[in-house]
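**Q** This is the structure I have questions about; it appears just below.
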Amino acid sequence: MTTSPIVTYRGVEKSFGDLAVLRGVDLDIYPGEKVAVIGPSGSGKTTIARLLMTLEEPTAGTIEVDGEPLWQERRGGQTVRASEKHLHRLRSSIGMVFQHFNLFPHMTILRNCMEAPVHVLGLSKAEAKARAIRMLEKVGLADKVDAYPAQLSGGQKQRVAIARALVMKPKIMLFDEPTSALDPELVGEVLSVIAEIAAEGEMAMLLITHEMAFARDVADRVVFFDEGRIVEEGPPERIFDAPESERLRTFLQRFR
Ligand code: ADP
């Protein structure tokens, strides 16, 4: 039996005015698969994630989540978003961790992690609290439940953001350069939490990252973006040790 992808991009294009940011992207992500997205700044990596979060609208192409259209290209080239009813469900199967943590500053860490399960999933407060505490334990912050975001380091805040996404039990988690806004000494703690979650295996992950060693360790597949296209993809060993294209070789040299 073949497994169906959890996310499918087909012929996805995105332009901002005259600027073509994505120029025809085809990408499948399978349940439980960890896909690292690498590439130069401005190559369209964040846009890939933002389309999946419906924060941006594709100019052309189709994106499906769990076999259901999220963005669908109709005849005549118009791209249409899923209905509100579907969108609600599709969105709750996707978790996202951004560069900046976007925690609610006036809420404790625990409350930050309880908001969405109560208001979006309709869990009781007791259920949401139990789930939130479990996830905060997982990211090593059980002792911070009553703290406010301002009392935490950047690395701790990002770990809260990860716990907050995990409480929704998404089928796929998107990480958009989750460590690029952190002081260098805080990067490791966040990457190791992500690696631990990845090792549990159940959830698919799309990891946009400049941390090549991390991508090599965690990813099942690495996708190299350049100028709005996937130039190369493959298992980490192949991509990092035997890049085929000149563009990927040049890109990787920066990290040597
Ligand atoms: P990456 O994540 O690979 O750095 P992005 O997907 O963030 O690339 O951006 C790709 C290009 O799209 C960049 O040149 C960026 O300036 C441009 N871009 C992104 N969002 C917008 C926007 N809302 N309006 C105009 N240009 C944008």
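Numbering starts fresh at 1 for the residues of each chain in the structure tokens, the chains themselves are lettered A, B, ... in the order given, and ligands are numbered from 1 as they appear.
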Please, which residues have at least one atom within 10 Å of an atom of ligand 1, using only C-alpha atoms and all ligand atoms, listed as a PyMOL selection string?
**A** chain A and resi 14-22+37-51+55-56+176-177+208-209+225-228
**Q** If you count only C-alpha atoms, which residues fall within 12 Å of Thr3 of chain A, apart from same-chain ones fewer than 3 positions away, as a list of chain:residue names?
**A**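 Surrounding residues, per the criterion: A:Ile6, A:Val7, A:Asp28, A:Ile29, A:Tyr30, A:Pro31, A:Gly32, A:Glu33, A:Asp66, A:Gly67.
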**Q** Residues of segment 16-231 of chain A classed as helix (DSSP H, G or I) by DSSP on the backbone are to be reported as an NGL selection string.
**A** :A and (45-52 or 84-92 or 109-119 or 125-138 or 142-144 or 149-151 or 154-166 or 184-200 or 212-218)
**Q** Check the smallest atom-to-atom distance from each of A:Leu103, A:Ala142, A:Met135, A:Ala219 to Phe240 of chain A using only C-alpha atoms, then report the winner.
**A**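 Among A:Leu103, A:Ala142, A:Met135, A:Ala219, it is A:Ala219 that comes nearest to Phe240 of chain A.
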**Q** Go through segment 110-193 of chain A and collect every residue that DSSP, computed from the backbone, puts in strand (DSSP E); the answer should be as a list in words.
**A** Ile172, Met173, Leu174, Phe175 and Asp176 of chain A
**Q** Go ahead and save the residues from that selection, with N, CA and C atoms, as a compact mmCIF listing (two decimals), in the first residue's frame.
**A**
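The resulting file, part-v1.txt, is reproduced below:
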# COMPACT_ATOMS: atom_id res chain seq x y z
N ILE A 172 1.46 18.11 10.69
CA ILE A 172 2.72 18.64 10.15
C ILE A 172 3.07 19.92 10.90
N MET A 173 4.36 20.06 11.17
CA MET A 173 4.86 21.27 11.83
C MET A 173 5.79 21.99 10.86
N LEU A 174 5.60 23.28 10.74
CA LEU A 174 6.50 24.10 9.92
C LEU A 174 7.39 24.90 10.84
N PHE A 175 8.67 24.85 10.57
CA PHE A 175 9.62 25.66 11.34
C PHE A 175 10.30 26.60 10.36
N ASP A 176 10.09 27.90 10.53
CA ASP A 176 10.71 28.86 9.63
C ASP A 176 11.89 29.53 10.33
**Q** Would you mind telling me which residue in A:Gln253, A:Glu13, A:Glu189, A:Gly154 lies nearest to Asp241 of chain A when using only C-alpha atoms?
**A**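 Distance minimum relative to Asp241 of chain A lands on A:Gln253.
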**Q** Pick out the closest residue to Val160 of chain A from this set: A:Leu87, A:Arg134, A:Ala60, A:Pro184. Count only C-alpha atoms.
**A** A:Arg134
**Q** Of the candidates A:Thr179, A:Thr62, A:Thr2, A:Thr108, which shows the shortest atom-to-atom distance to Pro149 of chain A, using only C-alpha atoms?
**A**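 Checking each candidate against Pro149 of chain A, we get A:Thr108 as the closest.
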**Q** Please indicate the distance in Å from atom CA of Glu73 of chain A to atom CA of Val231 of chain A, rounded to one decimal place.
**A**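 If I compute the distance from atom CA of Glu73 of chain A to atom CA of Val231 of chain A, I get 23.6 Å.
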**Q** Can you tell me, as a compact mmCIF listing (two decimals) with C-alpha atoms, in the first residue's frame, what residues are no more than 12 Å from Pro105 of chain A when counting only C-alpha atoms, ignoring any on the same chain fewer than 4 positions away?
**A**
# COMPACT_ATOMS: atom_id res chain seq x y z
CA PHE A 101 7.87 33.71 18.88
CA ILE A 109 3.39 30.42 29.59
CA LEU A 110 0.68 27.94 30.50
CA ARG A 111 -2.14 30.23 29.29
CA ASN A 112 -0.22 30.88 26.07
CA ALA A 147 6.17 32.75 34.23
CA TYR A 148 5.41 35.46 31.68
CA PRO A 149 7.19 35.62 28.31
CA ALA A 150 9.25 38.67 29.37
CA GLN A 151 10.81 36.58 32.14
CA LEU A 152 12.22 34.01 29.70
CA LYS A 157 10.44 31.60 24.48
**Q** So that I can check the surroundings of Arg159 of chain A, please list as a CSV table (one decimal) with N, CA and C atoms, in the first residue's frame every protein, DNA and RNA residue that reaches within 9 Å of it, counting only C-alpha atoms and ignoring chain neighbours fewer than 6 positions away.
**A**
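part14.csv, freshly written:
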chain,number,residue,atom,x,y,z
A,101,PHE,N,8.7,34.7,18.2
A,101,PHE,CA,7.9,33.7,18.9
A,101,PHE,C,6.4,34.1,18.9
A,136,LEU,N,4.8,21.3,27.6
A,136,LEU,CA,5.9,22.1,28.3
A,136,LEU,C,6.9,21.3,28.9
A,139,VAL,N,9.4,20.1,26.2
A,139,VAL,CA,10.4,21.1,25.8
A,139,VAL,C,11.2,21.6,27.0
A,140,GLY,N,11.1,20.9,28.1
A,140,GLY,CA,11.9,21.2,29.3
A,140,GLY,C,11.6,22.5,30.0
A,141,LEU,N,10.3,22.9,30.0
A,141,LEU,CA,9.9,24.1,30.7
A,141,LEU,C,8.8,23.9,31.7
A,189,GLU,N,19.9,24.7,22.3
A,189,GLU,CA,18.8,24.2,23.1
A,189,GLU,C,17.5,24.0,22.3
A,190,VAL,N,17.3,25.0,21.4
A,190,VAL,CA,16.1,24.9,20.5
A,190,VAL,C,16.2,23.8,19.5
A,193,VAL,N,15.7,20.4,21.1
A,193,VAL,CA,14.2,20.1,21.3
A,193,VAL,C,13.6,19.7,20.0
A,194,ILE,N,13.9,20.4,18.9
A,194,ILE,CA,13.2,20.1,17.6
A,194,ILE,C,13.7,18.7,17.2
**Q** I'd like to know which of A:Leu27, A:Ala116, A:Glu200, A:Gln156 is closest to Glu233 of chain A, using only C-alpha atoms.
**A**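 Selected residue with least distance to Glu233 of chain A: A:Leu27.
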**Q** I'd like the neighbourhood of Arg89 of chain A as a list in words, where a residue qualifies if any of its atoms comes within 12 Å (using only C-alpha atoms), though same-chain residues fewer than 3 positions away should be ignored.
**A** Val65, Asp66, Glu68, Pro69, Leu70, Ala82, Ser83, Glu84, Lys85, His86, Ser92, Ser93, Ile94, Val120, Leu121, Met168, Pro170 and Lys171 of chain A
